[in-house]
file structure_13.cif (mmCIF, N, CA and C atoms and all ligand atoms)
data_coords
loop_
_atom_site.label_atom_id
_atom_site.label_comp_id
_atom_site.auth_asym_id
_atom_site.auth_seq_id
_atom_site.Cartn_x
_atom_site.Cartn_y
_atom_site.Cartn_z
N MET A 1 0.85 -1.19 0.00
CA MET A 1 0.00 0.00 0.00
C MET A 1 0.89 1.24 0.00
N GLY A 2 0.73 2.04 -1.01
CA GLY A 2 1.59 3.22 -1.12
C GLY A 2 1.16 4.34 -0.20
N LEU A 3 2.01 5.34 -0.15
CA LEU A 3 1.71 6.50 0.68
C LEU A 3 0.45 7.22 0.21
N PHE A 4 0.26 7.20 -1.13
CA PHE A 4 -0.91 7.88 -1.71
C PHE A 4 -2.22 7.24 -1.20
N SER A 5 -2.24 5.90 -1.19
CA SER A 5 -3.44 5.17 -0.72
C SER A 5 -3.70 5.46 0.74
N ILE A 6 -2.64 5.48 1.53
CA ILE A 6 -2.80 5.73 2.97
C ILE A 6 -3.35 7.15 3.18
N GLY A 7 -2.83 8.09 2.41
CA GLY A 7 -3.32 9.47 2.52
C GLY A 7 -4.78 9.55 2.16
N ASN A 8 -5.17 8.84 1.10
CA ASN A 8 -6.58 8.80 0.68
C ASN A 8 -7.46 8.27 1.80
N MET A 9 -7.00 7.18 2.40
CA MET A 9 -7.78 6.53 3.46
C MET A 9 -7.96 7.48 4.65
N ILE A 10 -6.90 8.19 4.98
CA ILE A 10 -6.97 9.12 6.12
C ILE A 10 -7.96 10.24 5.83
N ILE A 11 -7.90 10.76 4.63
CA ILE A 11 -8.81 11.86 4.27
C ILE A 11 -10.26 11.38 4.29
N ARG A 12 -10.48 10.17 3.74
CA ARG A 12 -11.85 9.61 3.73
C ARG A 12 -12.35 9.40 5.17
N SER A 13 -11.49 8.90 6.02
CA SER A 13 -11.88 8.65 7.41
C SER A 13 -12.22 9.95 8.14
N LEU A 14 -11.54 11.01 7.76
CA LEU A 14 -11.79 12.29 8.42
C LEU A 14 -13.16 12.86 8.06
N PHE A 15 -13.57 12.63 6.83
CA PHE A 15 -14.81 13.29 6.38
C PHE A 15 -16.02 12.36 6.31
N ASN A 16 -15.80 11.05 6.31
CA ASN A 16 -16.95 10.12 6.26
C ASN A 16 -17.46 9.84 7.67
N LYS A 17 -18.73 9.37 7.71
CA LYS A 17 -19.31 8.97 9.00
C LYS A 17 -18.64 7.67 9.45
N PRO A 18 -18.52 7.45 10.77
CA PRO A 18 -17.92 6.18 11.23
C PRO A 18 -18.82 4.99 10.87
N ALA A 19 -18.21 3.83 10.68
CA ALA A 19 -18.97 2.63 10.33
C ALA A 19 -19.70 2.07 11.54
N THR A 20 -19.30 2.48 12.72
CA THR A 20 -19.91 1.96 13.94
C THR A 20 -21.04 2.88 14.40
N LEU A 21 -21.91 2.33 15.27
CA LEU A 21 -23.01 3.11 15.83
C LEU A 21 -22.66 3.55 17.24
N MET A 22 -23.22 4.68 17.66
CA MET A 22 -23.01 5.12 19.05
C MET A 22 -23.99 4.39 19.96
N TYR A 23 -23.87 3.06 20.04
CA TYR A 23 -24.73 2.27 20.91
C TYR A 23 -24.37 2.55 22.36
N PRO A 24 -25.28 2.71 23.31
CA PRO A 24 -26.73 2.57 23.18
C PRO A 24 -27.47 3.86 22.85
N VAL A 25 -26.74 4.95 22.56
CA VAL A 25 -27.44 6.20 22.23
C VAL A 25 -28.27 5.99 20.96
N ILE A 26 -27.67 5.34 19.98
CA ILE A 26 -28.41 4.99 18.76
C ILE A 26 -28.69 3.49 18.82
N PRO A 27 -29.96 3.10 19.04
CA PRO A 27 -30.23 1.66 19.17
C PRO A 27 -30.00 0.91 17.86
N ARG A 28 -29.62 -0.34 18.02
CA ARG A 28 -29.36 -1.21 16.86
C ARG A 28 -30.70 -1.60 16.24
N VAL A 29 -30.81 -1.45 14.94
CA VAL A 29 -32.03 -1.89 14.24
C VAL A 29 -31.69 -3.18 13.52
N TYR A 30 -32.40 -4.24 13.87
CA TYR A 30 -32.12 -5.55 13.26
C TYR A 30 -32.88 -5.69 11.95
N GLU A 31 -32.27 -6.42 11.04
CA GLU A 31 -32.94 -6.71 9.77
C GLU A 31 -34.16 -7.58 10.04
N GLU A 32 -35.12 -7.51 9.15
CA GLU A 32 -36.37 -8.27 9.35
C GLU A 32 -36.10 -9.77 9.49
N LYS A 33 -35.14 -10.28 8.71
CA LYS A 33 -34.89 -11.73 8.71
C LYS A 33 -33.75 -12.14 9.62
N THR A 34 -33.34 -11.25 10.53
CA THR A 34 -32.30 -11.63 11.50
C THR A 34 -32.81 -12.80 12.33
N ARG A 35 -31.97 -13.81 12.50
CA ARG A 35 -32.35 -14.95 13.34
C ARG A 35 -31.98 -14.64 14.78
N GLY A 36 -32.97 -14.21 15.56
CA GLY A 36 -32.71 -13.77 16.93
C GLY A 36 -33.04 -14.84 17.95
N HIS A 37 -34.33 -15.06 18.16
CA HIS A 37 -34.74 -16.09 19.13
C HIS A 37 -36.08 -16.69 18.70
N ILE A 38 -36.37 -17.86 19.26
CA ILE A 38 -37.59 -18.60 18.89
C ILE A 38 -38.75 -18.15 19.77
N ASN A 39 -39.88 -17.90 19.13
CA ASN A 39 -41.14 -17.61 19.84
C ASN A 39 -42.10 -18.78 19.62
N VAL A 40 -42.93 -19.03 20.60
CA VAL A 40 -43.93 -20.09 20.45
C VAL A 40 -45.31 -19.55 20.79
N ASP A 41 -46.27 -19.93 19.98
CA ASP A 41 -47.68 -19.64 20.29
C ASP A 41 -48.18 -20.90 20.97
N ILE A 42 -48.06 -20.90 22.30
CA ILE A 42 -48.29 -22.14 23.05
C ILE A 42 -49.72 -22.66 22.92
N GLU A 43 -50.68 -21.77 22.74
CA GLU A 43 -52.06 -22.25 22.63
C GLU A 43 -52.30 -22.97 21.30
N ALA A 44 -51.51 -22.64 20.29
CA ALA A 44 -51.67 -23.33 19.01
C ALA A 44 -50.85 -24.62 18.96
N CYS A 45 -49.90 -24.76 19.87
CA CYS A 45 -49.03 -25.95 19.89
C CYS A 45 -49.84 -27.20 20.23
N VAL A 46 -49.58 -28.28 19.50
CA VAL A 46 -50.31 -29.53 19.76
C VAL A 46 -49.43 -30.54 20.50
N LEU A 47 -48.27 -30.09 20.98
CA LEU A 47 -47.34 -30.90 21.78
C LEU A 47 -46.95 -32.20 21.07
N CYS A 48 -46.78 -32.11 19.75
CA CYS A 48 -46.45 -33.32 18.99
C CYS A 48 -44.99 -33.74 19.22
N GLY A 49 -44.12 -32.80 19.57
CA GLY A 49 -42.72 -33.12 19.87
C GLY A 49 -41.80 -33.17 18.66
N ILE A 50 -42.31 -32.84 17.47
CA ILE A 50 -41.47 -32.90 16.27
C ILE A 50 -40.31 -31.90 16.38
N CYS A 51 -40.60 -30.70 16.88
CA CYS A 51 -39.54 -29.68 17.01
C CYS A 51 -38.43 -30.19 17.91
N SER A 52 -38.81 -30.87 18.97
CA SER A 52 -37.83 -31.38 19.91
C SER A 52 -36.94 -32.44 19.25
N LYS A 53 -37.57 -33.30 18.43
CA LYS A 53 -36.80 -34.36 17.76
C LYS A 53 -35.87 -33.78 16.70
N LYS A 54 -36.31 -32.72 16.02
CA LYS A 54 -35.52 -32.16 14.92
C LYS A 54 -34.43 -31.20 15.39
N CYS A 55 -34.54 -30.69 16.61
CA CYS A 55 -33.57 -29.70 17.09
C CYS A 55 -32.18 -30.34 17.21
N PRO A 56 -31.19 -29.82 16.48
CA PRO A 56 -29.85 -30.44 16.50
C PRO A 56 -29.12 -30.28 17.82
N THR A 57 -29.54 -29.33 18.66
CA THR A 57 -28.82 -29.11 19.92
C THR A 57 -29.64 -29.53 21.14
N HIS A 58 -30.78 -30.19 20.89
CA HIS A 58 -31.67 -30.64 21.98
C HIS A 58 -32.05 -29.49 22.90
N ALA A 59 -32.34 -28.36 22.31
CA ALA A 59 -32.69 -27.17 23.11
C ALA A 59 -34.16 -27.18 23.51
N ILE A 60 -34.98 -27.95 22.78
CA ILE A 60 -36.44 -27.93 23.05
C ILE A 60 -36.84 -29.20 23.78
N LEU A 61 -37.69 -29.01 24.77
CA LEU A 61 -38.23 -30.14 25.52
C LEU A 61 -39.75 -30.03 25.51
N VAL A 62 -40.42 -31.12 25.16
CA VAL A 62 -41.88 -31.12 25.15
C VAL A 62 -42.35 -32.13 26.19
N ASP A 63 -43.11 -31.65 27.17
CA ASP A 63 -43.63 -32.51 28.24
C ASP A 63 -45.14 -32.60 28.07
N ARG A 64 -45.57 -33.73 27.52
CA ARG A 64 -47.02 -33.87 27.26
C ARG A 64 -47.82 -33.97 28.55
N LYS A 65 -47.23 -34.62 29.58
CA LYS A 65 -47.98 -34.78 30.83
C LYS A 65 -48.27 -33.43 31.46
N LYS A 66 -47.24 -32.56 31.49
CA LYS A 66 -47.43 -31.23 32.09
C LYS A 66 -48.01 -30.23 31.09
N LYS A 67 -48.18 -30.68 29.84
CA LYS A 67 -48.63 -29.81 28.74
C LYS A 67 -47.72 -28.58 28.64
N GLU A 68 -46.42 -28.87 28.61
CA GLU A 68 -45.44 -27.78 28.68
C GLU A 68 -44.42 -27.90 27.54
N TRP A 69 -44.08 -26.76 26.97
CA TRP A 69 -43.05 -26.66 25.93
C TRP A 69 -41.97 -25.75 26.47
N SER A 70 -40.72 -26.19 26.44
CA SER A 70 -39.66 -25.32 26.98
C SER A 70 -38.46 -25.30 26.05
N ILE A 71 -37.70 -24.23 26.16
CA ILE A 71 -36.52 -24.05 25.30
C ILE A 71 -35.36 -23.55 26.14
N ALA A 72 -34.21 -24.20 26.00
CA ALA A 72 -32.98 -23.74 26.65
C ALA A 72 -32.37 -22.70 25.72
N ARG A 73 -32.57 -21.45 26.07
CA ARG A 73 -32.19 -20.34 25.16
C ARG A 73 -30.71 -20.36 24.78
N MET A 74 -29.85 -20.71 25.73
CA MET A 74 -28.42 -20.65 25.45
C MET A 74 -27.94 -21.83 24.60
N GLN A 75 -28.81 -22.84 24.45
CA GLN A 75 -28.44 -24.00 23.63
C GLN A 75 -28.85 -23.80 22.17
N CYS A 76 -29.79 -22.91 21.95
CA CYS A 76 -30.33 -22.71 20.60
C CYS A 76 -29.30 -22.01 19.72
N ILE A 77 -29.12 -22.54 18.52
CA ILE A 77 -28.16 -21.95 17.58
C ILE A 77 -28.88 -21.23 16.43
N GLN A 78 -30.18 -21.00 16.60
CA GLN A 78 -30.99 -20.24 15.63
C GLN A 78 -30.91 -20.85 14.22
N CYS A 79 -30.97 -22.17 14.14
CA CYS A 79 -30.88 -22.81 12.82
C CYS A 79 -32.22 -22.74 12.09
N ASN A 80 -33.31 -22.47 12.81
CA ASN A 80 -34.67 -22.34 12.24
C ASN A 80 -35.32 -23.68 11.89
N CYS A 81 -34.66 -24.78 12.23
CA CYS A 81 -35.16 -26.12 11.88
C CYS A 81 -36.53 -26.37 12.52
N CYS A 82 -36.68 -26.02 13.78
CA CYS A 82 -37.94 -26.28 14.48
C CYS A 82 -39.08 -25.50 13.83
N VAL A 83 -38.79 -24.29 13.39
CA VAL A 83 -39.83 -23.45 12.76
C VAL A 83 -40.28 -24.11 11.46
N GLU A 84 -39.33 -24.65 10.71
CA GLU A 84 -39.66 -25.25 9.42
C GLU A 84 -40.44 -26.55 9.57
N TYR A 85 -40.20 -27.31 10.63
CA TYR A 85 -40.85 -28.61 10.77
C TYR A 85 -42.16 -28.58 11.56
N CYS A 86 -42.44 -27.50 12.28
CA CYS A 86 -43.66 -27.48 13.11
C CYS A 86 -44.89 -27.63 12.20
N PRO A 87 -45.72 -28.65 12.44
CA PRO A 87 -46.85 -28.89 11.54
C PRO A 87 -47.98 -27.87 11.64
N VAL A 88 -48.02 -27.14 12.74
CA VAL A 88 -49.12 -26.16 12.89
C VAL A 88 -48.61 -24.71 12.85
N ASN A 89 -47.34 -24.55 12.49
CA ASN A 89 -46.74 -23.20 12.35
C ASN A 89 -46.91 -22.34 13.59
N CYS A 90 -46.72 -22.95 14.75
CA CYS A 90 -46.85 -22.13 15.97
C CYS A 90 -45.50 -21.63 16.46
N LEU A 91 -44.43 -21.96 15.74
CA LEU A 91 -43.11 -21.44 16.09
C LEU A 91 -42.72 -20.36 15.10
N SER A 92 -42.00 -19.35 15.58
CA SER A 92 -41.52 -18.31 14.68
C SER A 92 -40.16 -17.82 15.16
N MET A 93 -39.42 -17.25 14.23
CA MET A 93 -38.10 -16.72 14.56
C MET A 93 -38.22 -15.20 14.70
N ALA A 94 -38.02 -14.70 15.90
CA ALA A 94 -38.05 -13.24 16.13
C ALA A 94 -36.68 -12.66 15.77
N ASN A 95 -36.66 -11.40 15.38
CA ASN A 95 -35.39 -10.82 14.91
C ASN A 95 -34.59 -10.12 16.01
N THR A 96 -34.99 -10.32 17.27
CA THR A 96 -34.19 -9.74 18.37
C THR A 96 -33.58 -10.87 19.19
N TYR A 97 -32.42 -10.58 19.76
CA TYR A 97 -31.67 -11.63 20.46
C TYR A 97 -32.12 -11.78 21.91
N THR A 98 -31.91 -12.98 22.44
CA THR A 98 -32.11 -13.23 23.86
C THR A 98 -31.11 -12.36 24.63
N SER A 99 -31.57 -11.76 25.72
CA SER A 99 -30.66 -10.91 26.50
C SER A 99 -29.49 -11.73 27.04
N PRO A 100 -28.30 -11.15 27.02
CA PRO A 100 -27.14 -11.88 27.55
C PRO A 100 -27.34 -12.21 29.03
N SER A 101 -26.80 -13.33 29.45
CA SER A 101 -26.96 -13.74 30.84
C SER A 101 -25.78 -14.61 31.26
N THR A 102 -25.51 -14.61 32.54
CA THR A 102 -24.44 -15.49 33.03
C THR A 102 -25.00 -16.85 33.41
N GLU A 103 -26.34 -16.97 33.36
CA GLU A 103 -26.98 -18.25 33.68
C GLU A 103 -27.60 -18.84 32.43
N LYS A 104 -27.76 -20.16 32.46
CA LYS A 104 -28.40 -20.83 31.34
C LYS A 104 -29.91 -20.64 31.48
N ILE A 105 -30.47 -19.89 30.56
CA ILE A 105 -31.90 -19.57 30.66
C ILE A 105 -32.73 -20.67 29.98
N THR A 106 -33.75 -21.16 30.70
CA THR A 106 -34.73 -22.05 30.08
C THR A 106 -36.09 -21.40 30.25
N ASP A 107 -36.75 -21.16 29.13
CA ASP A 107 -38.09 -20.57 29.18
C ASP A 107 -39.11 -21.68 28.96
N ALA A 108 -40.06 -21.78 29.88
CA ALA A 108 -41.10 -22.82 29.77
C ALA A 108 -42.46 -22.17 29.57
N TYR A 109 -43.23 -22.77 28.69
CA TYR A 109 -44.57 -22.26 28.39
C TYR A 109 -45.55 -23.42 28.59
N ALA A 110 -46.58 -23.17 29.40
CA ALA A 110 -47.56 -24.23 29.65
C ALA A 110 -48.88 -23.85 29.01
N LYS A 111 -49.53 -24.85 28.47
CA LYS A 111 -50.84 -24.60 27.87
C LYS A 111 -51.85 -24.32 28.98
N ALA A 112 -52.76 -23.42 28.70
CA ALA A 112 -53.79 -23.09 29.69
C ALA A 112 -54.67 -24.31 29.91
N ALA A 113 -55.09 -24.49 31.19
CA ALA A 113 -55.97 -25.61 31.50
C ALA A 113 -57.29 -25.41 30.76
N PRO A 114 -57.85 -26.47 30.22
CA PRO A 114 -59.11 -26.31 29.51
C PRO A 114 -60.23 -25.88 30.46
N GLU A 115 -61.16 -25.12 29.91
CA GLU A 115 -62.32 -24.67 30.71
C GLU A 115 -63.07 -25.89 31.20
N PRO A 116 -63.55 -25.85 32.47
CA PRO A 116 -64.34 -27.01 32.93
C PRO A 116 -65.58 -27.19 32.06
N ALA A 117 -65.88 -28.44 31.79
CA ALA A 117 -67.02 -28.72 30.92
C ALA A 117 -68.31 -28.23 31.57
N ALA A 118 -69.16 -27.65 30.75
CA ALA A 118 -70.43 -27.14 31.28
C ALA A 118 -71.28 -28.32 31.76
N LYS A 119 -72.00 -28.08 32.90
CA LYS A 119 -72.83 -29.17 33.43
C LYS A 119 -73.97 -29.43 32.46
N PRO A 120 -74.27 -30.71 32.26
CA PRO A 120 -75.36 -30.98 31.34
C PRO A 120 -76.69 -30.46 31.88
N VAL A 121 -77.43 -29.82 31.01
CA VAL A 121 -78.74 -29.28 31.43
C VAL A 121 -79.70 -30.46 31.55
N PRO A 122 -80.36 -30.59 32.76
CA PRO A 122 -81.28 -31.74 32.89
C PRO A 122 -82.43 -31.62 31.90
N GLU A 123 -82.70 -32.75 31.33
CA GLU A 123 -83.77 -32.72 30.35
C GLU A 123 -85.09 -32.44 31.05
N ALA A 124 -86.02 -31.84 30.33
CA ALA A 124 -87.34 -31.55 30.91
C ALA A 124 -87.97 -32.88 31.32
N ALA A 125 -88.66 -32.82 32.46
CA ALA A 125 -89.26 -34.07 32.95
C ALA A 125 -90.13 -34.70 31.89
N ALA A 126 -89.94 -35.99 31.77
CA ALA A 126 -90.70 -36.69 30.74
C ALA A 126 -92.18 -36.51 30.99
N PRO A 127 -92.96 -36.25 29.95
CA PRO A 127 -94.40 -36.04 30.17
C PRO A 127 -95.04 -37.29 30.73
N VAL A 128 -95.95 -37.05 31.70
CA VAL A 128 -96.64 -38.20 32.32
C VAL A 128 -97.62 -38.75 31.29
N MET A 129 -97.57 -40.05 31.18
CA MET A 129 -98.45 -40.69 30.20
C MET A 129 -99.89 -40.54 30.67
N ASP A 130 -100.71 -40.19 29.74
CA ASP A 130 -102.14 -40.10 30.09
C ASP A 130 -102.64 -41.46 30.52
N ALA A 131 -103.62 -41.43 31.37
CA ALA A 131 -104.20 -42.72 31.81
C ALA A 131 -104.68 -43.49 30.60
N ALA A 132 -104.46 -44.77 30.67
CA ALA A 132 -104.85 -45.60 29.52
C ALA A 132 -106.34 -45.45 29.26
N VAL A 133 -106.64 -45.30 28.03
CA VAL A 133 -108.05 -45.12 27.66
C VAL A 133 -108.66 -46.51 27.51
N ASP A 134 -109.73 -46.69 28.26
CA ASP A 134 -110.40 -47.99 28.15
C ASP A 134 -111.10 -48.08 26.81
N VAL A 135 -110.81 -49.13 26.14
CA VAL A 135 -111.48 -49.33 24.85
C VAL A 135 -112.42 -50.52 25.01
N GLU A 136 -113.67 -50.27 24.66
CA GLU A 136 -114.65 -51.35 24.77
C GLU A 136 -114.32 -52.39 23.72
N PRO A 137 -114.16 -53.64 24.18
CA PRO A 137 -113.88 -54.68 23.14
C PRO A 137 -115.09 -54.84 22.23
N THR A 138 -114.79 -54.89 20.97
CA THR A 138 -115.90 -55.08 20.00
C THR A 138 -116.13 -56.56 19.84
N VAL A 139 -117.36 -56.92 19.75
CA VAL A 139 -117.71 -58.33 19.63
C VAL A 139 -118.09 -58.66 18.21
S1 LIG A 201 -33.71 -22.82 16.03
FE1 LIG A 201 -32.58 -24.75 15.76
S2 LIG A 201 -31.32 -24.90 17.59
FE2 LIG A 201 -32.87 -23.36 18.04
S3 LIG A 201 -34.51 -24.50 19.04
FE3 LIG A 201 -35.01 -24.42 16.85
S4 LIG A 201 -34.14 -26.33 16.02
FE4 LIG A 201 -33.19 -26.00 18.03
S1 LIG A 202 -43.60 -29.05 16.41
FE1 LIG A 202 -44.95 -27.29 16.81
S2 LIG A 202 -46.87 -28.26 17.50
FE2 LIG A 202 -45.28 -29.81 17.67
S3 LIG A 202 -44.54 -29.62 19.80
FE3 LIG A 202 -43.21 -28.35 18.52
S4 LIG A 202 -44.11 -26.32 18.65
FE4 LIG A 202 -45.66 -27.74 19.34
#
call {"tool": "encode", "arguments": {"input": "structure_13.cif", "output": "structure tokens", "more": "lines below"}}
Ligand code: SF4
Ligand code: SF4
result
Amino acid sequence: MGLFSIGNMIIRSLFNKPATLMYPVIPRVYEEKTRGHINVDIEACVLCGICSKKCPTHAILVDRKKKEWSIARMQCIQCNCCVEYCPVNCLSMANTYTSPSTEKITDAYAKAAPEPAAKPVPEAAAPVMDAAVDVEPTV
């Protein structure tokens, strides 16, 4: 690299905007398709467990007995595999990252308990049969 190129670079650096952002004064705007973290619509989830089987890092756990879906956030590598295989499309990839932490975060989502079944309405009392009508035998 000649002296001329170095001089050019210095002049450009003096007059151009810096390539970096003044974070956190200027917040980072993520691209729409940034692979940030997995979201689940737990009420739409059918607890089939396909996402758990397809996850290459075993980050997802599906507990059918507890009706619970959980994800170990720090294990997820944002490969999007679970989103692609979910048969009911209840998983999505959000474009913001999980907050940094010194602990291994596991987020668990439980399905809401079903509404208690409505009590059956007692049927109206069966109509009392009219007294048998005596029919005179015909001879
Ligand atoms: S994005 Fe990939 S690594 Fe993360 S939970 Fe889904 S399948 Fe697992
Ligand atoms: S694949 Fe979809 S429906 Fe099946 S357990 Fe995972 S999130 Fe739920």
call {"tool": "residues_around", "arguments": {"input": "structure_13.cif", "residues": "stretch 73-79 of chain A", "least_positions_apart": "3", "cutoff": "7 Å", "atoms": "only C-alpha atoms", "output": "PyMOL selection string"}}
result
chain A and resi 35-37+57+59+104-106
call {"tool": "write_last_selection", "arguments": {"input": "structure_13.cif", "atoms": "N, CA and C atoms", "output": "PDB file, keeping the file's coordinate frame"}}
result
ATOM      1  N   ARG A  35     -31.970 -13.810  12.500  1.00  0.00           N
ATOM      2  CA  ARG A  35     -32.350 -14.950  13.340  1.00  0.00           C
ATOM      3  C   ARG A  35     -31.980 -14.640  14.780  1.00  0.00           C
ATOM      4  N   GLY A  36     -32.970 -14.210  15.560  1.00  0.00           N
ATOM      5  CA  GLY A  36     -32.710 -13.770  16.930  1.00  0.00           C
ATOM      6  C   GLY A  36     -33.040 -14.840  17.950  1.00  0.00           C
ATOM      7  N   HIS A  37     -34.330 -15.060  18.160  1.00  0.00           N
ATOM      8  CA  HIS A  37     -34.740 -16.090  19.130  1.00  0.00           C
ATOM      9  C   HIS A  37     -36.080 -16.690  18.700  1.00  0.00           C
ATOM     10  N   THR A  57     -29.540 -29.330  18.660  1.00  0.00           N
ATOM     11  CA  THR A  57     -28.820 -29.110  19.920  1.00  0.00           C
ATOM     12  C   THR A  57     -29.640 -29.530  21.140  1.00  0.00           C
ATOM     13  N   ALA A  59     -32.340 -28.360  22.310  1.00  0.00           N
ATOM     14  CA  ALA A  59     -32.690 -27.170  23.110  1.00  0.00           C
ATOM     15  C   ALA A  59     -34.160 -27.180  23.510  1.00  0.00           C
ATOM     16  N   LYS A 104     -27.760 -20.160  32.460  1.00  0.00           N
ATOM     17  CA  LYS A 104     -28.400 -20.830  31.340  1.00  0.00           C
ATOM     18  C   LYS A 104     -29.910 -20.640  31.480  1.00  0.00           C
ATOM     19  N   ILE A 105     -30.470 -19.890  30.560  1.00  0.00           N
ATOM     20  CA  ILE A 105     -31.900 -19.570  30.660  1.00  0.00           C
ATOM     21  C   ILE A 105     -32.730 -20.670  29.980  1.00  0.00           C
ATOM     22  N   THR A 106     -33.750 -21.160  30.700  1.00  0.00           N
ATOM     23  CA  THR A 106     -34.730 -22.050  30.080  1.00  0.00           C
ATOM     24  C   THR A 106     -36.090 -21.400  30.250  1.00  0.00           C
TER      25      THR A 106
END
call {"tool": "residues_around", "arguments": {"input": "structure_13.cif", "residues": "stretch 108-113 of chain A", "least_positions_apart": "4", "cutoff": "6 Å", "atoms": "only N, CA and C atoms", "output": "VMD selection string"}}
result
chain A and resid 42 to 43 67 to 71
call {"tool": "atom_distance", "arguments": {"input": "structure_13.cif", "atom1": "atom N of A:Lys65", "atom2": "atom CA of A:Ser52"}}
result
13.9 Å
call {"tool": "axis_aligned_box", "arguments": {"input": "structure_13.cif", "around": "ligand LIG 201 (chain A)", "padding_each_side": "8 Å", "output": "AutoDock Vina command-line options"}}
result
--center_x -33.2 --center_y -24.6 --center_z 17.4 --size_x 19.7 --size_y 19.5 --size_z 19.3
call {"tool": "residues_near_ligand", "arguments": {"input": "structure_13.cif", "ligand": "ligand LIG 202 (chain A)", "cutoff": "5 Å", "atoms": "all atoms listed in the file", "output": "ChimeraX atom specification"}}
result
/A:45-51,86-87
call {"tool": "atom_distance", "arguments": {"input": "structure_13.cif", "atom1": "atom CA of A:Asn8", "atom2": "atom N of A:Thr20"}}
result
18.6 Å
call {"tool": "closest_residue", "arguments": {"input": "structure_13.cif", "among": "A:Ile10, A:Val29, A:Ala44, A:Cys55", "to": "ligand LIG 201 (chain A)", "atoms": "only N, CA and C atoms and all ligand atoms"}}
result
A:Cys55
call {"tool": "residues_near_point", "arguments": {"input": "structure_13.cif", "point": "(-36.3, -14.8, 18.3)", "cutoff": "6 Å", "atoms": "all atoms listed in the file", "output": "PyMOL selection string"}}
result
chain A and resi 35-39+92-97
call {"tool": "atom_distance", "arguments": {"input": "structure_13.cif", "atom1": "atom N of A:Glu84", "atom2": "atom N of A:Pro56"}}
result
11.2 Å
call {"tool": "select_by_dssp", "arguments": {"input": "structure_13.cif", "residues": "stretch 6-100 of chain A", "states": "helix (DSSP H, G or I)", "output": "list in words"}}
result
Ile6, Gly7, Asn8, Met9, Ile10, Ile11, Arg12, Ser13, Leu14, Phe15, Ile50, Cys51, Ser52, Lys53, Lys54, Cys81, Cys82, Val83, Glu84 and Tyr85 of chain A
call {"tool": "write_last_selection", "arguments": {"input": "structure_13.cif", "atoms": "N, CA and C atoms", "output": "short mmCIF file (atom, residue, chain, number, x, y, z; two decimals), in the coordinates of the input"}}
result
data_model
loop_
_atom_site.label_atom_id
_atom_site.label_comp_id
_atom_site.auth_asym_id
_atom_site.auth_seq_id
_atom_site.Cartn_x
_atom_site.Cartn_y
_atom_site.Cartn_z
N ILE A 6 -2.64 5.48 1.53
CA ILE A 6 -2.80 5.73 2.97
C ILE A 6 -3.35 7.15 3.18
N GLY A 7 -2.83 8.09 2.41
CA GLY A 7 -3.32 9.47 2.52
C GLY A 7 -4.78 9.55 2.16
N ASN A 8 -5.17 8.84 1.10
CA ASN A 8 -6.58 8.80 0.68
C ASN A 8 -7.46 8.27 1.80
N MET A 9 -7.00 7.18 2.40
CA MET A 9 -7.78 6.53 3.46
C MET A 9 -7.96 7.48 4.65
N ILE A 10 -6.90 8.19 4.98
CA ILE A 10 -6.97 9.12 6.12
C ILE A 10 -7.96 10.24 5.83
N ILE A 11 -7.90 10.76 4.63
CA ILE A 11 -8.81 11.86 4.27
C ILE A 11 -10.26 11.38 4.29
N ARG A 12 -10.48 10.17 3.74
CA ARG A 12 -11.85 9.61 3.73
C ARG A 12 -12.35 9.40 5.17
N SER A 13 -11.49 8.90 6.02
CA SER A 13 -11.88 8.65 7.41
C SER A 13 -12.22 9.95 8.14
N LEU A 14 -11.54 11.01 7.76
CA LEU A 14 -11.79 12.29 8.42
C LEU A 14 -13.16 12.86 8.06
N PHE A 15 -13.57 12.63 6.83
CA PHE A 15 -14.81 13.29 6.38
C PHE A 15 -16.02 12.36 6.31
N ILE A 50 -42.31 -32.84 17.47
CA ILE A 50 -41.47 -32.90 16.27
C ILE A 50 -40.31 -31.90 16.38
N CYS A 51 -40.60 -30.70 16.88
CA CYS A 51 -39.54 -29.68 17.01
C CYS A 51 -38.43 -30.19 17.91
N SER A 52 -38.81 -30.87 18.97
CA SER A 52 -37.83 -31.38 19.91
C SER A 52 -36.94 -32.44 19.25
N LYS A 53 -37.57 -33.30 18.43
CA LYS A 53 -36.80 -34.36 17.76
C LYS A 53 -35.87 -33.78 16.70
N LYS A 54 -36.31 -32.72 16.02
CA LYS A 54 -35.52 -32.16 14.92
C LYS A 54 -34.43 -31.20 15.39
N CYS A 81 -34.66 -24.78 12.23
CA CYS A 81 -35.16 -26.12 11.88
C CYS A 81 -36.53 -26.37 12.52
N CYS A 82 -36.68 -26.02 13.78
CA CYS A 82 -37.94 -26.28 14.48
C CYS A 82 -39.08 -25.50 13.83
N VAL A 83 -38.79 -24.29 13.39
CA VAL A 83 -39.83 -23.45 12.76
C VAL A 83 -40.28 -24.11 11.46
N GLU A 84 -39.33 -24.65 10.71
CA GLU A 84 -39.66 -25.25 9.42
C GLU A 84 -40.44 -26.55 9.57
N TYR A 85 -40.20 -27.31 10.63
CA TYR A 85 -40.85 -28.61 10.77
C TYR A 85 -42.16 -28.58 11.56
#
call {"tool": "select_by_dssp", "arguments": {"input": "structure_13.cif", "residues": "stretch 18-111 of chain A", "states": "strand (DSSP E or B)", "output": "MDAnalysis selection string"}}
result
chainID A and resid 37:40 60:63 68:72 91:94 106:110
call {"tool": "residues_around", "arguments": {"input": "structure_13.cif", "residues": "A:Asp41", "least_positions_apart": "6", "cutoff": "7 Å", "atoms": "all atoms listed in the file", "output": "VMD selection string"}}
result
chain A and resid 89 to 92
call {"tool": "closest_residue", "arguments": {"input": "structure_13.cif", "among": "A:Lys119, A:Lys54, A:Arg12, A:Arg64", "to": "ligand LIG 201 (chain A)", "atoms": "all atoms listed in the file"}}
result
A:Lys54
call {"tool": "decode", "arguments": {"input": "structure_13.cif", "residues": "stretch 67-75 of chain A", "atoms": "C-alpha atoms", "output": "compact mmCIF listing (two decimals), in the first residue's frame"}}
result
# COMPACT_ATOMS: atom_id res chain seq x y z
CA LYS A 67 -48.63 -29.81 28.74
CA GLU A 68 -45.44 -27.78 28.68
CA TRP A 69 -43.05 -26.66 25.93
CA SER A 70 -39.66 -25.32 26.98
CA ILE A 71 -36.52 -24.05 25.30
CA ALA A 72 -32.98 -23.74 26.65
CA ARG A 73 -32.19 -20.34 25.16
CA MET A 74 -28.42 -20.65 25.45
CA GLN A 75 -28.44 -24.00 23.63
